[in-house]
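Q: my_file14.cif is reproduced below (mmCIF, C-alpha atoms).
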```cif
data_work
#
loop_
_atom_site.label_atom_id
_atom_site.label_comp_id
_atom_site.auth_asym_id
_atom_site.auth_seq_id
_atom_site.Cartn_x
_atom_site.Cartn_y
_atom_site.Cartn_z
CA MET A 5 70.99 108.14 105.48
CA GLY A 6 74.50 108.01 106.83
CA ALA A 7 75.85 111.20 105.36
CA SER A 8 72.89 113.34 106.32
CA THR A 9 72.71 111.82 109.79
CA ARG A 10 76.34 112.52 110.30
CA GLY A 11 75.90 116.03 108.95
CA GLN A 12 73.03 116.55 111.36
CA ALA A 13 75.03 115.23 114.28
CA LEU A 14 77.91 117.52 113.42
CA ARG A 15 75.61 120.49 113.05
CA ALA A 16 73.97 119.69 116.35
CA ALA A 17 77.39 119.33 117.91
CA ALA A 18 78.50 122.58 116.37
CA ALA A 19 75.40 124.34 117.61
CA GLY A 20 76.31 123.76 121.21
CA GLY A 21 76.02 120.19 122.19
CA VAL A 22 72.75 119.41 123.94
CA ALA A 23 71.82 117.20 121.04
CA VAL A 24 75.09 115.33 121.46
CA GLY A 25 73.62 114.00 124.65
CA VAL A 26 76.74 114.76 126.62
CA GLY A 27 76.11 117.96 128.48
CA ALA A 28 79.57 118.03 129.99
CA VAL A 29 81.20 118.44 126.64
CA ALA A 30 78.82 120.96 125.19
CA GLY A 31 81.39 123.71 125.29
CA GLY A 32 83.83 121.71 123.25
CA TRP A 33 81.72 121.58 120.14
CA LEU A 34 81.40 125.13 119.04
CA ARG A 35 81.53 126.19 115.43
CA PRO A 36 84.75 127.55 113.99
CA GLN A 37 85.14 131.31 114.21
CA PRO A 38 82.42 132.77 112.02
CA THR A 39 84.75 135.52 110.83
CA ALA A 40 87.22 133.01 109.42
CA GLY A 41 87.48 132.87 105.68
CA LYS A 42 88.58 129.91 103.61
CA ALA A 43 91.94 128.54 104.69
CA SER A 44 94.81 130.21 102.85
CA PRO A 45 98.51 130.92 103.39
CA ALA A 46 97.64 134.55 104.16
CA GLN A 47 95.15 133.47 106.81
CA ASP A 48 97.70 130.98 108.20
CA ALA A 49 100.11 133.88 108.67
CA ARG A 50 97.53 135.94 110.58
CA ILE A 51 96.71 132.98 112.81
CA PHE A 52 100.35 132.04 113.42
CA ASN A 53 101.14 135.64 114.35
CA PHE A 54 98.40 135.54 116.97
CA LEU A 55 99.67 132.20 118.31
CA LEU A 56 103.22 133.58 118.28
CA VAL A 57 102.16 136.24 120.78
CA LEU A 58 100.94 133.52 123.13
CA GLU A 59 104.06 131.40 122.73
CA GLN A 60 106.21 134.46 123.40
CA ALA A 61 104.19 135.29 126.50
CA GLN A 62 104.68 131.79 127.87
CA ALA A 63 108.41 131.76 127.14
CA ALA A 64 108.75 135.18 128.81
CA LEU A 65 106.91 134.11 131.96
CA TYR A 66 109.06 130.99 132.39
CA ASP A 67 112.32 132.82 131.62
CA ALA A 68 111.55 135.55 134.16
CA ALA A 69 110.46 133.07 136.84
CA LEU A 70 113.62 131.00 136.34
CA ARG A 71 115.79 134.15 136.51
CA SER A 72 114.14 135.26 139.76
CA GLY A 73 115.24 132.09 141.55
CA ALA A 74 111.89 131.92 143.38
CA LEU A 75 110.87 128.50 142.10
CA GLN A 76 111.72 125.29 143.89
CA GLY A 77 110.99 121.58 143.72
CA ASP A 78 108.29 120.45 141.29
CA LEU A 79 107.58 123.99 140.06
CA LEU A 80 111.24 124.54 139.24
CA ALA A 81 111.43 121.20 137.42
CA TYR A 82 108.29 122.15 135.48
CA ALA A 83 109.61 125.57 134.44
CA ARG A 84 113.01 124.15 133.45
CA ILE A 85 111.44 121.63 131.08
CA VAL A 86 108.63 123.78 129.74
CA ALA A 87 110.61 127.00 129.08
CA PRO A 88 112.79 125.57 126.28
CA GLN A 89 109.74 123.88 124.75
CA GLU A 90 107.96 127.25 124.50
CA HIS A 91 111.10 128.72 122.94
CA ASP A 92 111.04 125.89 120.39
CA HIS A 93 107.45 126.84 119.55
CA VAL A 94 108.40 130.50 119.20
CA ASP A 95 111.31 129.60 116.91
CA PHE A 96 109.14 127.25 114.87
CA LEU A 97 106.42 129.85 114.29
CA ARG A 98 109.00 132.55 113.50
CA ARG A 99 110.61 130.27 110.92
CA LYS A 100 107.21 129.54 109.35
CA LEU A 101 106.33 133.22 109.27
CA GLY A 102 109.70 134.45 108.04
CA ALA A 103 109.54 138.15 107.21
CA GLU A 104 105.86 138.23 108.18
CA ALA A 105 106.58 137.48 111.85
CA GLY A 106 105.34 140.19 114.18
CA THR A 107 107.48 141.88 116.80
CA THR A 108 107.70 140.71 120.39
CA PRO A 109 104.79 142.12 122.41
CA LYS A 110 105.24 144.14 125.60
CA LEU A 111 104.69 141.76 128.49
CA ASP A 112 104.52 142.21 132.25
CA PHE A 113 103.98 139.41 134.73
CA GLY A 114 104.56 141.46 137.87
CA PRO A 115 104.76 139.37 141.04
CA ALA A 116 103.99 136.15 139.11
CA THR A 117 107.68 135.87 138.32
CA SER A 118 108.80 135.90 141.97
CA ASP A 119 105.88 134.44 143.95
CA PRO A 120 105.41 130.67 143.35
CA LYS A 121 101.63 130.76 143.97
CA ARG A 122 101.13 133.62 141.55
CA PHE A 123 103.48 132.00 139.07
CA GLN A 124 101.34 128.86 139.20
CA ALA A 125 98.17 130.85 138.54
CA ALA A 126 99.72 132.80 135.65
CA ALA A 127 101.13 129.62 134.10
CA ILE A 128 97.68 128.00 134.23
CA ASP A 129 96.13 131.14 132.66
CA LEU A 130 98.62 131.16 129.81
CA GLU A 131 98.68 127.43 129.12
CA GLU A 132 94.89 127.19 129.12
CA ALA A 133 94.51 130.30 126.96
CA THR A 134 97.07 129.00 124.47
CA ALA A 135 95.54 125.52 124.21
CA ALA A 136 92.06 127.02 123.72
CA ALA A 137 93.40 129.46 121.12
CA TYR A 138 94.89 126.62 119.05
CA ILE A 139 91.61 124.70 119.32
CA GLY A 140 89.76 127.82 118.15
CA GLN A 141 92.03 128.36 115.14
CA GLY A 142 92.93 124.79 114.18
CA ALA A 143 90.18 124.28 111.64
CA ASN A 144 90.89 127.65 109.99
CA LEU A 145 94.40 126.62 108.93
CA THR A 146 95.52 125.00 105.68
CA ARG A 147 96.08 121.26 105.97
CA GLY A 148 99.86 121.37 106.39
CA SER A 149 99.49 123.96 109.11
CA VAL A 150 96.81 121.89 110.85
CA ALA A 151 99.48 119.20 111.21
CA ASP A 152 101.89 121.71 112.80
CA ALA A 153 99.22 123.08 115.14
CA ALA A 154 98.21 119.56 116.25
CA ARG A 155 101.78 118.68 117.22
CA ILE A 156 102.11 121.88 119.24
CA VAL A 157 98.69 122.04 120.91
CA ALA A 158 99.16 118.53 122.30
CA VAL A 159 102.25 119.80 124.11
CA GLU A 160 100.42 122.92 125.37
CA ALA A 161 97.68 120.68 126.76
CA ARG A 162 100.30 118.50 128.45
CA HIS A 163 101.74 121.65 130.07
CA ALA A 164 98.27 122.76 131.18
CA ALA A 165 97.52 119.39 132.78
CA TRP A 166 100.94 119.23 134.42
CA ILE A 167 100.80 122.68 136.04
CA ARG A 168 97.19 122.10 137.12
CA ASP A 169 98.20 118.84 138.76
CA LEU A 170 101.03 120.63 140.61
CA ALA A 171 98.55 123.32 141.71
CA GLY A 172 96.08 120.72 143.01
CA ALA A 173 93.54 121.51 140.28
CA ASP A 174 91.85 118.91 138.08
CA PRO A 175 94.29 118.32 135.15
CA ALA A 176 91.52 117.38 132.72
CA PRO A 177 88.34 119.17 133.78
CA ARG A 178 86.26 118.32 130.69
CA ALA A 179 85.77 115.43 128.26
CA ALA A 180 86.28 117.84 125.35
CA ASP A 181 88.13 121.16 125.52
CA PRO A 182 86.30 124.25 124.25
CA PRO A 183 87.81 126.65 121.71
CA ARG A 184 88.30 130.35 122.44
CA SER A 185 88.42 133.22 119.99
CA ALA A 186 91.53 135.35 119.51
CA ARG A 187 89.66 138.41 120.76
CA ASP A 188 88.58 136.63 123.93
CA VAL A 189 92.07 135.31 124.68
CA LEU A 190 93.84 138.60 124.02
CA SER A 191 91.38 140.62 126.09
CA GLU A 192 91.90 138.24 129.03
CA LEU A 193 95.67 138.68 128.84
CA ARG A 194 95.25 142.48 128.70
CA ARG A 195 92.75 142.50 131.56
CA LYS A 196 95.17 140.52 133.71
CA GLY A 197 97.95 142.94 132.84
CA TYR A 198 100.18 140.34 131.19
CA LEU A 199 99.94 141.95 127.77
CA ARG A 200 100.47 145.70 127.45
CA MET B 6 111.15 106.37 138.35
CA SER B 7 112.14 105.79 134.80
CA LEU B 8 109.74 103.66 132.80
CA THR B 9 110.96 101.59 129.94
CA LEU B 10 108.87 100.27 127.13
CA GLY B 11 109.65 96.73 128.21
CA GLN B 12 107.89 97.44 131.51
CA VAL B 13 104.93 99.23 130.00
CA ASP B 14 104.36 96.85 127.19
CA ARG B 15 103.60 93.63 129.05
CA ASP B 16 102.76 91.58 126.02
CA GLU B 17 105.55 93.27 124.11
CA ALA B 18 102.97 94.16 121.51
CA LEU B 19 104.34 97.61 120.82
CA LEU B 20 107.86 96.23 120.76
CA GLU B 21 106.79 93.70 118.16
CA VAL B 22 105.52 96.49 115.97
CA VAL B 23 108.76 98.37 116.36
CA ALA B 24 110.72 95.22 115.64
CA GLU B 25 108.83 94.68 112.43
CA LEU B 26 109.36 98.23 111.35
CA HIS B 27 112.98 98.63 112.28
CA GLY B 28 114.49 95.21 112.88
CA ASP B 29 115.22 93.50 116.16
CA THR B 30 118.20 95.57 117.21
CA ARG B 31 116.05 98.63 117.44
CA ALA B 32 113.46 96.79 119.52
CA ASP B 33 116.14 95.51 121.90
CA PHE B 34 117.38 99.03 122.34
CA LEU B 35 113.86 100.23 123.04
CA ARG B 36 113.22 97.53 125.61
CA THR B 37 115.58 99.35 127.95
CA ALA B 38 115.37 102.92 126.66
CA ALA B 39 113.75 105.22 129.21
CA LEU B 40 110.20 106.12 128.33
CA GLY B 41 110.00 109.72 127.27
CA SER B 42 113.37 109.85 125.60
CA GLY B 43 113.23 111.38 122.20
CA ALA B 44 114.64 108.24 120.63
CA LEU B 45 111.85 106.07 121.94
CA LEU B 46 109.05 108.37 120.89
CA ALA B 47 110.63 108.91 117.51
CA ALA B 48 110.80 105.16 117.00
CA LEU B 49 107.22 104.70 118.09
CA ALA B 50 106.16 107.35 115.64
CA ALA B 51 107.47 105.04 112.93
CA PRO B 52 108.88 106.07 109.58
CA ALA B 53 106.65 108.51 107.77
CA SER B 54 104.84 106.34 105.28
CA ALA B 55 103.16 107.64 102.19
CA SER B 56 99.78 106.72 103.60
CA ALA B 57 96.94 106.24 101.21
CA ALA B 58 94.09 108.69 101.56
CA VAL B 59 91.72 107.70 104.35
CA THR B 60 88.12 108.83 104.51
CA ASP B 61 86.56 110.68 107.44
CA LEU B 62 84.37 107.63 107.97
CA GLN B 63 87.39 105.34 108.33
CA ILE B 64 89.02 107.75 110.74
CA LEU B 65 85.88 108.10 112.84
CA ASN B 66 85.18 104.38 112.95
CA PHE B 67 88.69 103.53 114.00
CA GLY B 68 88.49 106.37 116.53
CA LEU B 69 85.29 104.81 117.87
CA ARG B 70 86.94 101.39 118.12
CA PHE B 71 89.93 102.82 119.93
CA GLU B 72 87.85 104.93 122.33
CA ARG B 73 85.71 101.86 123.06
CA LEU B 74 88.83 99.90 123.83
CA GLN B 75 89.98 102.56 126.27
CA ALA B 76 86.56 103.04 127.85
CA SER B 77 86.24 99.28 128.38
CA PHE B 78 89.74 99.13 129.81
CA TYR B 79 88.93 101.72 132.52
CA THR B 80 85.49 100.25 133.16
CA GLU B 81 86.96 96.78 133.66
CA ALA B 82 89.73 98.08 135.97
CA ASP B 83 86.97 99.66 138.03
CA SER B 84 84.67 96.61 138.06
CA VAL B 85 87.40 94.15 139.06
CA GLY B 86 88.23 96.40 142.02
CA THR B 87 91.67 97.60 140.91
CA VAL B 88 90.66 101.28 140.91
CA GLY B 89 88.96 100.99 144.30
CA LYS B 90 92.19 99.81 145.90
CA MET B 91 94.27 102.72 144.67
CA ALA B 92 95.20 105.85 146.67
CA PRO B 93 92.50 108.58 146.50
CA ARG B 94 94.43 110.86 144.13
CA LYS B 95 95.06 108.01 141.74
CA GLN B 96 91.53 106.72 142.08
CA ARG B 97 90.19 110.07 141.00
CA TRP B 98 92.53 110.03 138.02
CA ALA B 99 91.37 106.58 136.85
CA GLU B 100 87.71 107.50 137.32
CA VAL B 101 87.98 110.78 135.40
CA LEU B 102 89.82 109.15 132.50
CA GLY B 103 87.16 106.43 132.34
CA GLU B 104 84.35 109.00 132.33
CA HIS B 105 86.02 110.96 129.55
CA GLU B 106 86.66 107.94 127.32
CA ARG B 107 83.05 106.81 127.74
CA ALA B 108 81.94 110.33 126.78
CA HIS B 109 84.17 110.20 123.70
CA VAL B 110 82.53 106.94 122.66
CA ARG B 111 79.09 108.57 122.94
CA ILE B 112 80.21 111.62 120.94
CA ILE B 113 81.76 109.65 118.07
CA LYS B 114 78.82 107.22 117.98
CA LYS B 115 76.44 110.14 117.70
CA ILE B 116 78.42 111.66 114.85
CA LEU B 117 78.60 108.34 112.98
CA GLY B 118 74.92 107.53 113.49
CA SER B 119 74.00 104.44 111.47
CA LYS B 120 77.55 104.23 110.09
CA ALA B 121 78.96 103.36 113.52
CA GLY B 122 80.73 100.00 113.58
CA LYS B 123 79.69 97.25 115.96
CA ARG B 124 81.14 97.15 119.43
CA PRO B 125 84.03 94.68 119.42
CA PHE B 126 84.81 92.20 122.21
CA PHE B 127 87.73 92.87 124.49
CA ASP B 128 90.08 90.71 126.50
CA PHE B 129 92.67 92.61 128.47
CA HIS B 130 94.46 89.44 129.53
CA GLY B 131 94.51 90.40 133.20
CA VAL B 132 96.25 93.75 132.63
CA THR B 133 93.40 95.56 134.44
CA GLU B 134 93.79 93.37 137.51
CA THR B 135 96.84 94.90 139.14
CA GLU B 136 97.46 98.57 139.80
CA ASP B 137 100.93 98.35 138.34
CA SER B 138 100.03 96.80 134.99
CA PHE B 139 96.89 98.92 134.70
CA THR B 140 98.84 102.13 135.28
CA ARG B 141 101.69 101.30 132.93
CA THR B 142 99.37 100.27 130.13
CA THR B 143 97.36 103.45 130.65
CA VAL B 144 100.43 105.62 130.17
CA ALA B 145 101.26 103.83 126.92
CA MET B 146 97.66 103.94 125.66
CA GLU B 147 97.13 107.63 126.38
CA ASP B 148 100.37 108.57 124.62
CA LEU B 149 99.32 106.39 121.69
CA THR B 150 95.96 108.19 121.51
CA VAL B 151 97.68 111.57 121.39
CA ALA B 152 99.87 110.35 118.53
CA LEU B 153 96.82 108.96 116.70
CA LEU B 154 94.84 112.19 116.99
CA ALA B 155 97.87 114.31 116.05
CA GLY B 156 98.17 112.06 112.98
CA VAL B 157 94.55 111.96 111.82
CA THR B 158 93.40 115.50 112.65
CA PRO B 159 95.16 116.96 109.56
CA GLN B 160 93.74 114.09 107.45
CA VAL B 161 90.02 114.74 107.96
CA HIS B 162 88.15 116.54 105.21
CA ASP B 163 85.20 117.96 107.13
CA ARG B 164 86.37 121.14 108.82
CA ARG B 165 83.81 120.84 111.62
CA LEU B 166 85.36 117.52 112.39
CA THR B 167 88.83 119.09 112.43
CA ALA B 168 87.61 121.60 115.00
CA ALA B 169 86.07 118.86 117.14
CA LEU B 170 89.17 116.63 116.97
CA PHE B 171 91.37 119.47 118.27
CA GLY B 172 89.20 119.58 121.41
CA LEU B 173 89.59 115.83 121.90
CA LEU B 174 93.31 115.85 121.13
CA THR B 175 93.98 118.27 123.98
CA VAL B 176 91.96 116.15 126.41
CA GLU B 177 93.92 113.03 125.46
CA ALA B 178 97.15 115.01 125.87
CA ARG B 179 95.98 116.08 129.34
CA HIS B 180 95.29 112.43 130.19
CA ALA B 181 98.74 111.42 128.98
CA ALA B 182 100.45 114.18 130.98
CA TRP B 183 98.41 113.40 134.09
CA ALA B 184 99.21 109.69 133.80
CA ARG B 185 102.89 110.45 133.35
CA ASN B 186 102.95 112.79 136.34
CA ILE B 187 101.36 110.04 138.43
CA VAL B 188 104.10 107.57 137.53
CA LYS B 189 106.69 110.34 137.95
CA THR B 190 107.90 110.48 134.40
CA THR B 191 108.08 113.77 132.46
CA PRO B 192 104.54 114.80 131.41
CA ALA B 193 105.80 116.70 128.37
CA ALA B 194 108.85 114.87 127.09
CA ARG B 195 109.42 116.90 123.95
CA SER B 196 108.53 120.18 122.28
CA PHE B 197 106.36 118.63 119.56
CA ASP B 198 104.21 115.52 119.85
CA GLU B 199 104.97 113.00 117.12
CA PRO B 200 102.00 111.95 114.98
CA ARG B 201 101.29 108.33 114.00
CA SER B 202 99.27 107.23 111.01
CA LEU B 203 95.96 105.42 111.29
CA ASP B 204 97.47 102.22 109.88
CA ASN B 205 100.36 102.41 112.27
CA VAL B 206 98.10 102.68 115.31
CA LYS B 207 95.79 99.96 113.94
CA GLU B 208 98.77 97.66 113.81
CA ALA B 209 99.85 98.53 117.35
CA VAL B 210 96.32 97.86 118.64
CA ALA B 211 96.12 94.56 116.75
CA HIS B 212 99.33 93.43 118.37
CA THR B 213 98.00 94.03 121.89
CA ARG B 214 95.39 91.32 121.20
CA PHE B 215 93.01 93.36 123.39
CA ILE B 216 90.33 93.11 120.67
CA VAL B 217 89.08 89.54 120.25
CA ALA B 218 86.64 87.65 118.05
CA ARG B 219 84.30 86.44 120.78
CA PRO B 220 83.51 87.40 124.35
CA ARG B 221 85.60 86.04 127.17
CA MET B 222 83.88 83.17 128.97
CA THR B 223 84.62 84.32 132.50
CA ARG B 224 85.05 87.82 133.77
CA ARG B 225 87.48 86.92 136.50
CA ARG B 226 90.01 84.20 136.84
CA ARG B 227 89.78 82.15 140.02
CA SER B 228 93.46 81.65 140.37
CA PRO B 229 96.24 84.11 139.79
CA ARG B 230 98.10 84.02 136.54
CA PHE B 231 101.69 82.96 136.73
CA THR B 232 102.71 84.17 133.36
CA GLY B 233 102.54 87.89 134.00
#
```
Can you give me the file's structure in the form of structure tokens?

A:
Amino acid sequence: MGASTRGQALRAAAAGGVAVGVGAVAGGWLRPQPTAGKASPAQDARIFNFLLVLEQAQAALYDAALRSGALQGDLLAYARIVAPQEHDHVDFLRRKLGAEAGTTPKLDFGPATSDPKRFQAAAIDLEEATAAAYIGQGANLTRGSVADAARIVAVEARHAAWIRDLAGADPAPRAADPPRSARDVLSELRRKGYLR
Amino acid sequence: MSLTLGQVDRDEALLEVVAELHGDTRADFLRTAALGSGALLAALAAPASASAAVTDLQILNFGLRFERLQASFYTEADSVGTVGKMAPRKQRWAEVLGEHERAHVRIIKKILGSKAGKRPFFDFHGVTETEDSFTRTTVAMEDLTVALLAGVTPQVHDRRLTAALFGLLTVEARHAAWARNIVKTTPAARSFDEPRSLDNVKEAVAHTRFIVARPRMTRRRRSPRFTG
């Protein structure tokens, strides 16, 4: 009965989690994006181009905040360490995408680059959105790309926990992190004015 | 504060693994290398081995064993009073991590159903009894979990499982970063987390001797240990 039981448990988990018996993690067990086709190099490229936008947005926020000279203490130390890591992610994805890499999006962080409190809030927004986007796309990638995404998303989650801790927010608010769709993530960034 | 592996790894279990893999010189170097340096993490990640194919069942059952180990570790630290004596911010941290690991055990058990392995016995050799040793071991264990999940997530065959593991990987990475921030070491030491294979992590866990054949006779020692 093992295989079918396990299949049932996974289906129940995928359906939203009540059956998992752990209400707190319900959100973390959603099905992969229904629009996703079978994993393929072409689909990897579409997904990596979406993730590239998020990595570029993060790098741009940290670069601008560091240039403004408004950050001090723990926030400054955070931005100094995290900025080059986001640039490494951008470079990595660009190398993977080669000629298929999209252009840099138009970004605007307004006062978040010069006001530490707003910077903190924007950094949390972007780190959380990026981690959730990787979770949402991870299972749609080919196996080799899953390995790449896993190594990067762990670092994004570390950033998210770190900046939340500095902001006095719970670094790990759930037992399992929920995925978010590309549409959902991009519309949030547009609504907040980060992405033009 | 700069942590070294020698400080974290009280029983030198991880160092033993590294020594076996790389020879003693490497382990001596690691004993004093600051935790978080690229060299240390690269060494812990171990040489990429051509690992034989593992099944989803093997991955899940080892995951269950490892989550049980962690859950028991936090539960014991709480029950022996170590967590209760910590500062409020740190107390909250230890409690949340314990809750999450216990939730992970329930999730994986549910997925495995009748295929779930039996709960092993644990003996943490007093590591849960002082704030210092508890905290240091936690940092090492959470980083190890991140490396394990980064290693096995691309190995699973069932895509629903891949999706689920991503959501656990990020939580373990949050735990690791939070733990590191608490001990004032860099929460994100490098741009890419290094994966470790299932066998590699199995070996590291075996060397901690935290999993034992039969239950410990007494929960608490009456006299302090002098060996730690």

Q: Using all atoms listed in the file, which chain B residues lie at most 9 Å away from chain A, written as a PDB file with C-alpha atoms, keeping the file's coordinate frame?

A:
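Wrote selection06.pdb, looks like this:
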```pdb
ATOM      1  CA  TRP B  98      92.530 110.030 138.020  1.00  0.00           C
ATOM      2  CA  VAL B 101      87.980 110.780 135.400  1.00  0.00           C
ATOM      3  CA  LEU B 102      89.820 109.150 132.500  1.00  0.00           C
ATOM      4  CA  GLU B 104      84.350 109.000 132.330  1.00  0.00           C
ATOM      5  CA  HIS B 105      86.020 110.960 129.550  1.00  0.00           C
ATOM      6  CA  GLU B 106      86.660 107.940 127.320  1.00  0.00           C
ATOM      7  CA  ALA B 108      81.940 110.330 126.780  1.00  0.00           C
ATOM      8  CA  HIS B 109      84.170 110.200 123.700  1.00  0.00           C
ATOM      9  CA  ARG B 111      79.090 108.570 122.940  1.00  0.00           C
ATOM     10  CA  ILE B 112      80.210 111.620 120.940  1.00  0.00           C
ATOM     11  CA  LYS B 115      76.440 110.140 117.700  1.00  0.00           C
ATOM     12  CA  ILE B 116      78.420 111.660 114.850  1.00  0.00           C
ATOM     13  CA  LEU B 117      78.600 108.340 112.980  1.00  0.00           C
ATOM     14  CA  GLY B 118      74.920 107.530 113.490  1.00  0.00           C
ATOM     15  CA  SER B 119      74.000 104.440 111.470  1.00  0.00           C
ATOM     16  CA  LYS B 120      77.550 104.230 110.090  1.00  0.00           C
ATOM     17  CA  VAL B 151      97.680 111.570 121.390  1.00  0.00           C
ATOM     18  CA  ALA B 152      99.870 110.350 118.530  1.00  0.00           C
ATOM     19  CA  LEU B 154      94.840 112.190 116.990  1.00  0.00           C
ATOM     20  CA  ALA B 155      97.870 114.310 116.050  1.00  0.00           C
ATOM     21  CA  GLY B 156      98.170 112.060 112.980  1.00  0.00           C
ATOM     22  CA  VAL B 157      94.550 111.960 111.820  1.00  0.00           C
ATOM     23  CA  THR B 158      93.400 115.500 112.650  1.00  0.00           C
ATOM     24  CA  PRO B 159      95.160 116.960 109.560  1.00  0.00           C
ATOM     25  CA  GLN B 160      93.740 114.090 107.450  1.00  0.00           C
ATOM     26  CA  ARG B 164      86.370 121.140 108.820  1.00  0.00           C
ATOM     27  CA  ARG B 165      83.810 120.840 111.620  1.00  0.00           C
ATOM     28  CA  LEU B 166      85.360 117.520 112.390  1.00  0.00           C
ATOM     29  CA  THR B 167      88.830 119.090 112.430  1.00  0.00           C
ATOM     30  CA  ALA B 168      87.610 121.600 115.000  1.00  0.00           C
ATOM     31  CA  ALA B 169      86.070 118.860 117.140  1.00  0.00           C
ATOM     32  CA  LEU B 170      89.170 116.630 116.970  1.00  0.00           C
ATOM     33  CA  PHE B 171      91.370 119.470 118.270  1.00  0.00           C
ATOM     34  CA  GLY B 172      89.200 119.580 121.410  1.00  0.00           C
ATOM     35  CA  LEU B 173      89.590 115.830 121.900  1.00  0.00           C
ATOM     36  CA  LEU B 174      93.310 115.850 121.130  1.00  0.00           C
ATOM     37  CA  THR B 175      93.980 118.270 123.980  1.00  0.00           C
ATOM     38  CA  VAL B 176      91.960 116.150 126.410  1.00  0.00           C
ATOM     39  CA  GLU B 177      93.920 113.030 125.460  1.00  0.00           C
ATOM     40  CA  ALA B 178      97.150 115.010 125.870  1.00  0.00           C
ATOM     41  CA  ARG B 179      95.980 116.080 129.340  1.00  0.00           C
ATOM     42  CA  HIS B 180      95.290 112.430 130.190  1.00  0.00           C
ATOM     43  CA  ALA B 181      98.740 111.420 128.980  1.00  0.00           C
ATOM     44  CA  ALA B 182     100.450 114.180 130.980  1.00  0.00           C
ATOM     45  CA  TRP B 183      98.410 113.400 134.090  1.00  0.00           C
ATOM     46  CA  ASN B 186     102.950 112.790 136.340  1.00  0.00           C
ATOM     47  CA  THR B 191     108.080 113.770 132.460  1.00  0.00           C
ATOM     48  CA  PRO B 192     104.540 114.800 131.410  1.00  0.00           C
ATOM     49  CA  ALA B 193     105.800 116.700 128.370  1.00  0.00           C
ATOM     50  CA  ALA B 194     108.850 114.870 127.090  1.00  0.00           C
ATOM     51  CA  ARG B 195     109.420 116.900 123.950  1.00  0.00           C
ATOM     52  CA  SER B 196     108.530 120.180 122.280  1.00  0.00           C
ATOM     53  CA  PHE B 197     106.360 118.630 119.560  1.00  0.00           C
ATOM     54  CA  ASP B 198     104.210 115.520 119.850  1.00  0.00           C
ATOM     55  CA  GLU B 199     104.970 113.000 117.120  1.00  0.00           C
ATOM     56  CA  PRO B 200     102.000 111.950 114.980  1.00  0.00           C
TER      57      PRO B 200
END
```

Q: Apply the PyMOL selection byres ((chain B and resi 85) around 10) to the displayed file and report the matching residues as number ranges by chain.

A: B: 80-84, 86-89, 131, 133-135, 224-225

Q: On this structure, the PyMOL selection byres ((chain A and resi 63-68) around 10) would catch which residues? List them as an MDAnalysis selection string, sorted by chain and number.

A: chainID A and resid 57:62 69:74 80 82:94 111:114 116:118 123 126:127 130 198

Q: Please, could you write that set of residues out with C-alpha atoms as an mmCIF file, in the coordinates of the input?

A:
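Saved file out07.cif follows:
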```
data_model
loop_
_atom_site.group_PDB
_atom_site.id
_atom_site.type_symbol
_atom_site.label_atom_id
_atom_site.label_comp_id
_atom_site.auth_asym_id
_atom_site.auth_seq_id
_atom_site.Cartn_x
_atom_site.Cartn_y
_atom_site.Cartn_z
ATOM 1 C CA VAL A 57 102.160 136.240 120.780
ATOM 2 C CA LEU A 58 100.940 133.520 123.130
ATOM 3 C CA GLU A 59 104.060 131.400 122.730
ATOM 4 C CA GLN A 60 106.210 134.460 123.400
ATOM 5 C CA ALA A 61 104.190 135.290 126.500
ATOM 6 C CA GLN A 62 104.680 131.790 127.870
ATOM 7 C CA ALA A 69 110.460 133.070 136.840
ATOM 8 C CA LEU A 70 113.620 131.000 136.340
ATOM 9 C CA ARG A 71 115.790 134.150 136.510
ATOM 10 C CA SER A 72 114.140 135.260 139.760
ATOM 11 C CA GLY A 73 115.240 132.090 141.550
ATOM 12 C CA ALA A 74 111.890 131.920 143.380
ATOM 13 C CA LEU A 80 111.240 124.540 139.240
ATOM 14 C CA TYR A 82 108.290 122.150 135.480
ATOM 15 C CA ALA A 83 109.610 125.570 134.440
ATOM 16 C CA ARG A 84 113.010 124.150 133.450
ATOM 17 C CA ILE A 85 111.440 121.630 131.080
ATOM 18 C CA VAL A 86 108.630 123.780 129.740
ATOM 19 C CA ALA A 87 110.610 127.000 129.080
ATOM 20 C CA PRO A 88 112.790 125.570 126.280
ATOM 21 C CA GLN A 89 109.740 123.880 124.750
ATOM 22 C CA GLU A 90 107.960 127.250 124.500
ATOM 23 C CA HIS A 91 111.100 128.720 122.940
ATOM 24 C CA ASP A 92 111.040 125.890 120.390
ATOM 25 C CA HIS A 93 107.450 126.840 119.550
ATOM 26 C CA VAL A 94 108.400 130.500 119.200
ATOM 27 C CA LEU A 111 104.690 141.760 128.490
ATOM 28 C CA ASP A 112 104.520 142.210 132.250
ATOM 29 C CA PHE A 113 103.980 139.410 134.730
ATOM 30 C CA GLY A 114 104.560 141.460 137.870
ATOM 31 C CA ALA A 116 103.990 136.150 139.110
ATOM 32 C CA THR A 117 107.680 135.870 138.320
ATOM 33 C CA SER A 118 108.800 135.900 141.970
ATOM 34 C CA PHE A 123 103.480 132.000 139.070
ATOM 35 C CA ALA A 126 99.720 132.800 135.650
ATOM 36 C CA ALA A 127 101.130 129.620 134.100
ATOM 37 C CA LEU A 130 98.620 131.160 129.810
ATOM 38 C CA TYR A 198 100.180 140.340 131.190
#
```

Q: To test your reading of the syntax: which residues would the PyMOL selection byres ((chain A and resi 186-197) around 7) return for the file shown? Reply as JSON, numbers by chain.

A: {"A": [112, 133, 137, 184, 185, 198, 199, 200]}

Q: So the first atom is CA of Arg107 in chain B and the second is CA of Ala76 in chain B; what is the distance between them in Å, to one decimal place?

A: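 So the answer is 5.2 Å.
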